[in-house]
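The next block holds one structure in the form of structure tokens; read it before the comments.
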Amino acid sequence: MQRTPLLISSILRFGTTLHGDQEVVTWTAEGPRRASYAEVGRQAAQLAHALRGLGVSGDDRVATFMWNNAEHLTAYLAVPSMGAVLHALNIRLFPEQILYIADHGGSSVVIVDNTLAGPFAGLLAHLPKIRHVIVNGPVDEATTAALSAPAHVVGVHDYATLISGQPTEYAWPEDLDEDCASSMCYTSGTTGNPKGVSYSHRSNYLHALTAAMTLGIRQDDRLLVVVPLFHANAWGFPYLAMAAGATLVMPDRFLQAAPLAQMIETEKVSAGAGVPTVWNELLRHLETAGADVSTCRQLVVGGSAAPPAMMRAFQEHHGITIVHAWGMTEMSPIGTVAIPPARCDEGSDEYWSYATAQGRLVMGVEGRLVGPDGSKLPWDGESVGELEVRGPWITASYNRNGTESDGEVAEMAAKFSDGWLRTGDVGSLSADGFLRLTDRAKDVIKSGGEWISSVDLENAIMAHPEVVEASVVGVPDDRWGERPLASVVLRAGSSVTPEQLRDFLADRLARWQLPERWAIIDEVPKTSVGKFDKKVLRSRYADGDLDVQTLS
Ligand code: AMP
């Protein structure tokens with residue numbers, strides 16, 4: 001057989017010519033804004049020419065600080081296709097983490113949405129590698145001045161002006177190695193610094209095909225992509241939509257349930273992708289305010305476990321199948337998809353037991369279960385161990401730029417075991433390859449699809465002079481999935497209150513990371529080796545044995 005490289009430019013060319021009349025719809029305050037894929041193709045060429053003009057060459061990185069919109073999609077296609085590497089920055093991280101990630105990634109050019117330009121200007125002084133800022137949409141003079149202020153910033157450009165007048169065709173290089181990096185994402189650090197993963201053209205290409213096939217995406221689909229383009233490779237949706245010729249509906253910053261319901265109704269959305277919190281809020285909205293969602297056949301949910309009650313309510317009240325999937329940033333990200341075997345009657349107990357599992361390993365992803373003693377465990381649906389995975393879209397290493405400490409290098413290496421990625425997720429596999437997670441190896445708190453590091457919270461609380469010890473665990477929360485519970489030991493005689501402790505944290509952590517639930521305790525329970533015993537705290541909470549104060 002002939003061997004042509006598997007490149008993002010092939011996906012771009014296919015989607016924007018053979019499916020040129022499909023469209024990307026971007027939600028705005030004035031309603032939908034439309035661009036055909038043919039227009040996206042022309043603008044991708046113009047953006048690539050403009051980036052070359054700013055000096056982007058070789059495998060230079062180009063960062064984005066953007067919502068999900070047509071211009072972000074254009075960057076997703078243009079930057080890798082020209083041979084450069086796209087680095088979508090997670091706009092929701094705490095500033096220190098954004099700075100770490102942006103600097104580690106090493107981009108010299110960044111594209112920023114106008115609605116995010118203000119906050120980004122505040123970070124720019126600490127990002128000396130950035131020379132050019134491209135602003136998508138109008139901004140006032142003060143913002144432009146703030147973006148231009150740091151001495152290392154050579155130019156601040158308006159996106160539309162910069163690309164207008166550029167040629168609408170680009171000779172995408174065909175001699176790129178398919179194993180070259182096309183893009184990268186950083187995991188949210190649980191302890192220490194976030195870790196960078198580089199996807200290749202080949203890995204993205206193969207992942208898009210498998211994801212589209214497994215999720216059953218068709219060219220008549222209209223896909224509502226709520227999962228941010230900066231999170232876990234956007235679950236592959238930009239590329240799989242282009243490959244399938246499906247239309248994309250991008251919510252931009254309108255992520256609340258009411259506008260999402262409106263998008264589904266008016267744009268006749270047929271499928272979507274997002275974390276459980278997003279669909280949970282949508283469900284509540286549908287049940288109170290209502291909307292015509294009859295065009296929607298499925299919503300993919302992942303990032304944290306999908307609540308079974310939510311899955312059933314969508315199916316039974318709205319005829320929408322919630323497709324539960326599991327993956328990781330390190331896995332591009334899709335590893336499993338929970339589509340019950342064809343023999344199961346819809347709605348039967350067996351059907352729900354499959355549908356609510358994390359899902360069946362997808363074609364291309366191999367898994368093995370490793371017990372605490374290192375032994376390989378059987379796929380019997382009962383034996384529980386840590387899942388290790390390998391496959392063509394699973395990272396073989398983390399990004400390094402020489403600034404990492406020996407400890408970080410060792411920590412990164414420890415994530416791999418003779419060519420397999422250790423997921424840190426613990427569960428069982430059935431004979432037909434269904435993963436059921438029972439626990440996480442780490443104690444990270446997943447709140448609304450975002451990580452909260454329990455260790456970061458503990459450290460911040462323990463920085464208070466009146467605090468002796470603090471331990472933070474995730475506890476179930478109806479709205480956010482999980483929220484932190486802080487258990488704190490105070491110095492003898494101290495009268496500091498939970499409110500005061502929370503105020504103390506306010507300038508160290510993002511607001512959404514601050515715990516509402518506090519318990520003042522006499523001593524943090526410890527394991528035999530002196531570590532905080534979080535299991536004990538969780539069970540005390542579950543049993544109602546902790547005196548918890550919940551702040552509003
Ligand atoms: P991220 O890299 O941010 O996507 O986080 C990956 C981690 O999220 C996994 O290692 C799991 O711990 C968790 N996760 C992702 N999907 C699911 C799911 N469907 N059910 C439970 N946990 C999940």
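Ordering of the structure tokens sets the chain letters (A, B, ...), residue numbers begin anew at 1 in every chain, and ligands are numbered from 1 in the order given.
For ligand 1, the neighbouring protein, DNA and RNA residues, which are those within 6 Å when only C-alpha atoms and all ligand atoms are counted, are A:Thr187, A:Ala232, A:Gly302, A:Gly303, A:Ser304, A:Ala305, A:His324, A:Ala325, A:Trp326, A:Gly327, A:Met328, A:Thr329, A:Gln358, A:Thr423, A:Asp425, A:Arg440.
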For the residues in the current selection, export all heavy atoms as a short mmCIF file (atom, residue, chain, number, x, y, z; two decimals), in the first residue's frame.
data_model
loop_
_atom_site.label_atom_id
_atom_site.label_comp_id
_atom_site.auth_asym_id
_atom_site.auth_seq_id
_atom_site.Cartn_x
_atom_site.Cartn_y
_atom_site.Cartn_z
N THR A 187 -1.89 18.58 31.76
CA THR A 187 -2.77 18.02 32.77
C THR A 187 -2.85 19.04 33.89
O THR A 187 -1.93 19.83 34.07
CB THR A 187 -2.20 16.72 33.35
OG1 THR A 187 -0.98 17.06 34.02
CG2 THR A 187 -1.92 15.70 32.28
N ALA A 232 -8.08 18.67 27.50
CA ALA A 232 -7.91 17.31 27.01
C ALA A 232 -8.18 17.18 25.51
O ALA A 232 -8.95 16.33 25.07
CB ALA A 232 -8.80 16.34 27.80
N GLY A 302 -18.06 12.87 30.08
CA GLY A 302 -16.84 12.28 30.61
C GLY A 302 -16.12 13.30 31.46
O GLY A 302 -16.64 14.38 31.72
N GLY A 303 -14.91 12.96 31.89
CA GLY A 303 -14.13 13.88 32.73
C GLY A 303 -14.30 13.54 34.20
O GLY A 303 -13.38 13.64 34.98
N SER A 304 -15.49 13.17 34.59
CA SER A 304 -15.73 12.52 35.88
C SER A 304 -16.97 11.65 35.72
O SER A 304 -17.62 11.70 34.67
CB SER A 304 -15.84 13.53 37.03
OG SER A 304 -16.70 14.56 36.69
N ALA A 305 -17.23 10.84 36.73
CA ALA A 305 -18.28 9.83 36.56
C ALA A 305 -19.65 10.46 36.35
O ALA A 305 -20.02 11.42 37.03
CB ALA A 305 -18.30 8.94 37.80
N HIS A 324 -21.62 7.61 28.26
CA HIS A 324 -20.57 7.81 29.26
C HIS A 324 -19.23 7.38 28.67
O HIS A 324 -19.13 6.30 28.06
CB HIS A 324 -20.92 6.95 30.49
CG HIS A 324 -20.12 7.26 31.71
ND1 HIS A 324 -20.06 6.41 32.78
CD2 HIS A 324 -19.36 8.32 32.03
CE1 HIS A 324 -19.29 6.94 33.71
NE2 HIS A 324 -18.85 8.10 33.27
N ALA A 325 -18.23 8.22 28.83
CA ALA A 325 -16.90 7.89 28.29
C ALA A 325 -15.85 8.25 29.32
O ALA A 325 -16.06 9.12 30.17
CB ALA A 325 -16.65 8.66 27.00
N TRP A 326 -14.73 7.56 29.24
CA TRP A 326 -13.62 7.83 30.17
C TRP A 326 -12.35 8.06 29.37
O TRP A 326 -12.15 7.46 28.30
CB TRP A 326 -13.42 6.62 31.10
CG TRP A 326 -12.09 6.61 31.81
CD1 TRP A 326 -11.78 7.19 33.00
CD2 TRP A 326 -10.89 5.97 31.36
NE1 TRP A 326 -10.46 6.97 33.32
CE2 TRP A 326 -9.90 6.22 32.33
CE3 TRP A 326 -10.56 5.21 30.24
CZ2 TRP A 326 -8.59 5.75 32.22
CZ3 TRP A 326 -9.26 4.74 30.11
CH2 TRP A 326 -8.29 5.01 31.10
N GLY A 327 -11.53 8.95 29.86
CA GLY A 327 -10.25 9.17 29.20
C GLY A 327 -9.39 10.08 30.04
O GLY A 327 -9.72 10.42 31.17
N MET A 328 -8.29 10.48 29.47
CA MET A 328 -7.33 11.34 30.15
C MET A 328 -6.67 12.25 29.13
O MET A 328 -6.53 11.87 27.96
CB MET A 328 -6.21 10.50 30.80
CG MET A 328 -6.65 9.49 31.80
SD MET A 328 -5.26 8.45 32.29
CE MET A 328 -4.34 9.58 33.34
N THR A 329 -6.21 13.39 29.59
CA THR A 329 -5.42 14.28 28.74
C THR A 329 -4.31 13.47 28.04
O THR A 329 -4.03 13.66 26.86
CB THR A 329 -4.79 15.38 29.61
OG1 THR A 329 -5.85 16.09 30.26
CG2 THR A 329 -3.95 16.34 28.80
N GLN A 358 -17.79 3.00 33.03
CA GLN A 358 -16.99 3.99 32.29
C GLN A 358 -16.94 3.63 30.80
O GLN A 358 -16.75 4.51 29.97
CB GLN A 358 -15.57 4.05 32.86
CG GLN A 358 -15.41 5.10 33.95
CD GLN A 358 -16.23 4.82 35.18
OE1 GLN A 358 -16.50 3.67 35.53
NE2 GLN A 358 -16.67 5.87 35.86
N THR A 423 -2.52 4.84 34.67
CA THR A 423 -3.56 5.87 34.65
C THR A 423 -3.82 6.49 36.02
O THR A 423 -4.39 7.58 36.10
CB THR A 423 -4.89 5.31 34.13
OG1 THR A 423 -5.35 4.34 35.08
CG2 THR A 423 -4.75 4.70 32.75
N ASP A 425 -6.01 5.40 37.83
CA ASP A 425 -7.42 5.08 38.06
C ASP A 425 -7.53 3.61 38.40
O ASP A 425 -6.88 2.76 37.79
CB ASP A 425 -8.25 5.38 36.80
CG ASP A 425 -8.46 6.87 36.63
OD1 ASP A 425 -8.59 7.57 37.64
OD2 ASP A 425 -8.48 7.33 35.47
N ARG A 440 -9.92 6.46 42.73
CA ARG A 440 -8.77 7.08 42.09
C ARG A 440 -7.57 6.86 42.96
O ARG A 440 -7.65 6.95 44.17
CB ARG A 440 -8.97 8.58 41.94
CG ARG A 440 -9.92 8.88 40.87
CD ARG A 440 -10.24 10.34 40.82
NE ARG A 440 -11.61 10.42 40.37
CZ ARG A 440 -12.44 11.33 40.75
NH1 ARG A 440 -12.06 12.28 41.58
NH2 ARG A 440 -13.66 11.33 40.30
#
Helix (DSSP H, G or I) call set, DSSP backbone run, region 241-431 of chain A, as a ChimeraX atom specification: /A:241-244,257-266,276-288,308-318,329-331,349-355,406-413
Shortest interatomic distance to Arg436 (chain A) - which of A:Tyr354, A:Trp480, A:Trp420, A:Tyr159, counting only C-alpha atoms: A:Tyr354
Residues of region 73-113 of chain A in strand (DSSP E), written as a PyMOL selection string: chain A and resi 85-88+109-113
Could you turn the residues from that selection into a file that holds all heavy atoms, as a tab-separated table (two decimals), in the first residue's frame?
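Final output, saved to selection_35.tsv:
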chain	number	residue	atom	x	y	z
A	85	VAL	N	2.94	24.11	16.37
A	85	VAL	CA	2.30	23.31	17.42
A	85	VAL	C	1.32	24.19	18.19
A	85	VAL	O	1.69	25.24	18.70
A	85	VAL	CB	3.37	22.74	18.39
A	85	VAL	CG1	2.72	21.87	19.45
A	85	VAL	CG2	4.41	21.94	17.61
A	86	LEU	N	0.07	23.75	18.25
A	86	LEU	CA	-0.97	24.52	18.93
A	86	LEU	C	-0.94	24.23	20.43
A	86	LEU	O	-0.94	23.06	20.83
A	86	LEU	CB	-2.35	24.13	18.39
A	86	LEU	CG	-3.48	24.90	19.03
A	86	LEU	CD1	-3.72	26.20	18.28
A	86	LEU	CD2	-4.77	24.08	19.07
A	87	HIS	N	-0.94	25.28	21.22
A	87	HIS	CA	-0.99	25.10	22.67
A	87	HIS	C	-2.18	25.89	23.21
A	87	HIS	O	-2.09	27.10	23.42
A	87	HIS	CB	0.32	25.57	23.32
A	87	HIS	CG	0.33	25.36	24.80
A	87	HIS	ND1	1.29	25.87	25.63
A	87	HIS	CD2	-0.51	24.69	25.61
A	87	HIS	CE1	1.03	25.54	26.88
A	87	HIS	NE2	-0.07	24.81	26.88
A	88	ALA	N	-3.31	25.19	23.41
A	88	ALA	CA	-4.52	25.84	23.92
A	88	ALA	C	-4.38	25.96	25.44
A	88	ALA	O	-4.34	24.95	26.14
A	88	ALA	CB	-5.74	25.03	23.54
A	109	VAL	N	3.76	33.45	20.14
A	109	VAL	CA	2.56	34.14	19.66
A	109	VAL	C	1.36	33.56	20.40
A	109	VAL	O	1.29	32.36	20.62
A	109	VAL	CB	2.37	33.91	18.14
A	109	VAL	CG1	1.10	34.58	17.64
A	109	VAL	CG2	3.58	34.43	17.36
A	110	VAL	N	0.43	34.44	20.76
A	110	VAL	CA	-0.79	33.95	21.42
A	110	VAL	C	-2.00	34.63	20.78
A	110	VAL	O	-1.95	35.81	20.45
A	110	VAL	CB	-0.73	34.20	22.95
A	110	VAL	CG1	-0.58	35.66	23.30
A	110	VAL	CG2	-1.96	33.63	23.65
A	111	ILE	N	-3.05	33.85	20.57
A	111	ILE	CA	-4.32	34.40	20.08
A	111	ILE	C	-5.28	34.43	21.27
A	111	ILE	O	-5.47	33.41	21.95
A	111	ILE	CB	-4.92	33.53	18.95
A	111	ILE	CG1	-3.86	33.23	17.88
A	111	ILE	CG2	-6.14	34.22	18.34
A	111	ILE	CD1	-4.32	32.24	16.80
A	112	VAL	N	-5.85	35.61	21.53
A	112	VAL	CA	-6.67	35.82	22.73
A	112	VAL	C	-8.04	36.34	22.32
A	112	VAL	O	-8.14	37.27	21.51
A	112	VAL	CB	-5.99	36.87	23.65
A	112	VAL	CG1	-6.76	37.05	24.95
A	112	VAL	CG2	-4.55	36.50	23.94
A	113	ASP	N	-9.10	35.77	22.88
A	113	ASP	CA	-10.44	36.33	22.63
A	113	ASP	C	-10.55	37.70	23.28
A	113	ASP	O	-10.02	37.91	24.39
A	113	ASP	CB	-11.52	35.41	23.21
A	113	ASP	CG	-11.95	34.35	22.21
A	113	ASP	OD1	-11.82	34.57	20.99
A	113	ASP	OD2	-12.42	33.29	22.66
Close residues, Ala291 (chain A) itself excluded, 12 Å, only C-alpha atoms, min 6 positions apart in chain, as a list in words: Ala257, Ala258, Pro259, Leu260, Ala261, Gln262, Met263, Ile264, Glu265, Thr266, Lys268, Leu282, Leu283, Arg284, His285 and His318 of chain A
Residues near Pro150 (chain A), cut-off 12 Å, only C-alpha atoms, skip fewer than 5 positions along chain, as a ChimeraX atom specification: /A:121-133,144-145,155-156
With C-alpha atoms kept, could you save the residues just selected as an mmCIF file, in the first residue's frame?
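Dumped everything to out.cif:
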data_model
loop_
_atom_site.group_PDB
_atom_site.id
_atom_site.type_symbol
_atom_site.label_atom_id
_atom_site.label_comp_id
_atom_site.auth_asym_id
_atom_site.auth_seq_id
_atom_site.Cartn_x
_atom_site.Cartn_y
_atom_site.Cartn_z
ATOM 1 C CA ALA A 121 -3.096 41.471 29.930
ATOM 2 C CA GLY A 122 -2.570 40.976 33.662
ATOM 3 C CA LEU A 123 -0.521 37.839 33.000
ATOM 4 C CA LEU A 124 1.486 39.031 30.038
ATOM 5 C CA ALA A 125 4.142 40.905 32.029
ATOM 6 C CA HIS A 126 5.227 37.513 33.431
ATOM 7 C CA LEU A 127 5.413 35.760 30.045
ATOM 8 C CA PRO A 128 8.657 37.060 28.541
ATOM 9 C CA LYS A 129 8.652 34.590 25.631
ATOM 10 C CA ILE A 130 5.495 36.084 24.097
ATOM 11 C CA ARG A 131 6.263 38.589 21.356
ATOM 12 C CA HIS A 132 2.955 38.892 19.530
ATOM 13 C CA VAL A 133 -0.616 39.025 20.818
ATOM 14 C CA THR A 144 -4.646 47.428 23.843
ATOM 15 C CA ALA A 145 -2.333 49.671 25.851
ATOM 16 C CA GLY A 155 3.059 43.711 18.453
ATOM 17 C CA VAL A 156 -0.619 43.608 19.403
#
Shell around Gly55 (chain A) at 12 Å using only C-alpha atoms, local window under 5 positions removed, as a PyMOL selection string: chain A and resi 48-50+60-62+84+107-109+131-132+154-155
Distance query region 332-345 of chain A at most 8 Å, only C-alpha atoms, self and fewer than 2 positions along chain excluded, as a VMD selection string: chain A and resid 199 203 to 204 207 211 214 to 215 232 to 233 235 to 236 323 to 330 347 to 348 350 to 352 354 to 362 365 393 to 394 434 to 435
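Taking only C-alpha atoms into account, Ser81 (chain A) lies nearest to A:Trp172 out of the set A:Phe94, A:Phe65, A:Phe120, A:Trp172.
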Exercise: Ala492 (chain A) partners within 10 Å, only C-alpha atoms, chain neighbours under 3 positions left out, as a list in words: Glu466, Val467, Val468, Val489, Ser495 and Asp522 of chain A
Keeping N, CA and C atoms, export the residues of the selection given above as a short mmCIF file (atom, residue, chain, number, x, y, z; two decimals), in the first residue's frame.
data_model
loop_
_atom_site.label_atom_id
_atom_site.label_comp_id
_atom_site.auth_asym_id
_atom_site.auth_seq_id
_atom_site.Cartn_x
_atom_site.Cartn_y
_atom_site.Cartn_z
N GLU A 466 -2.84 30.18 62.88
CA GLU A 466 -3.60 29.52 63.95
C GLU A 466 -3.87 28.04 63.67
N VAL A 467 -3.43 27.57 62.49
CA VAL A 467 -3.77 26.20 62.10
C VAL A 467 -2.59 25.26 62.36
N VAL A 468 -2.90 24.13 62.97
CA VAL A 468 -1.87 23.13 63.23
C VAL A 468 -1.80 22.14 62.07
N VAL A 489 -7.31 21.33 62.35
CA VAL A 489 -6.92 21.31 63.77
C VAL A 489 -6.34 22.68 64.10
N SER A 495 -9.56 30.93 68.47
CA SER A 495 -10.99 31.09 68.22
C SER A 495 -11.24 31.45 66.75
N ASP A 522 -9.99 17.56 66.45
CA ASP A 522 -8.89 17.56 67.44
C ASP A 522 -7.59 17.07 66.84
#
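Of the residues listed (A:Lys535, A:His201, A:Arg52, A:His157), A:His201 shows the shortest atom-to-atom separation from Ile8 (chain A); distances use only C-alpha atoms.
Separating CA of Thr16 (chain A) from CA of Leu240 (chain A) is a distance of 12.9 Å.
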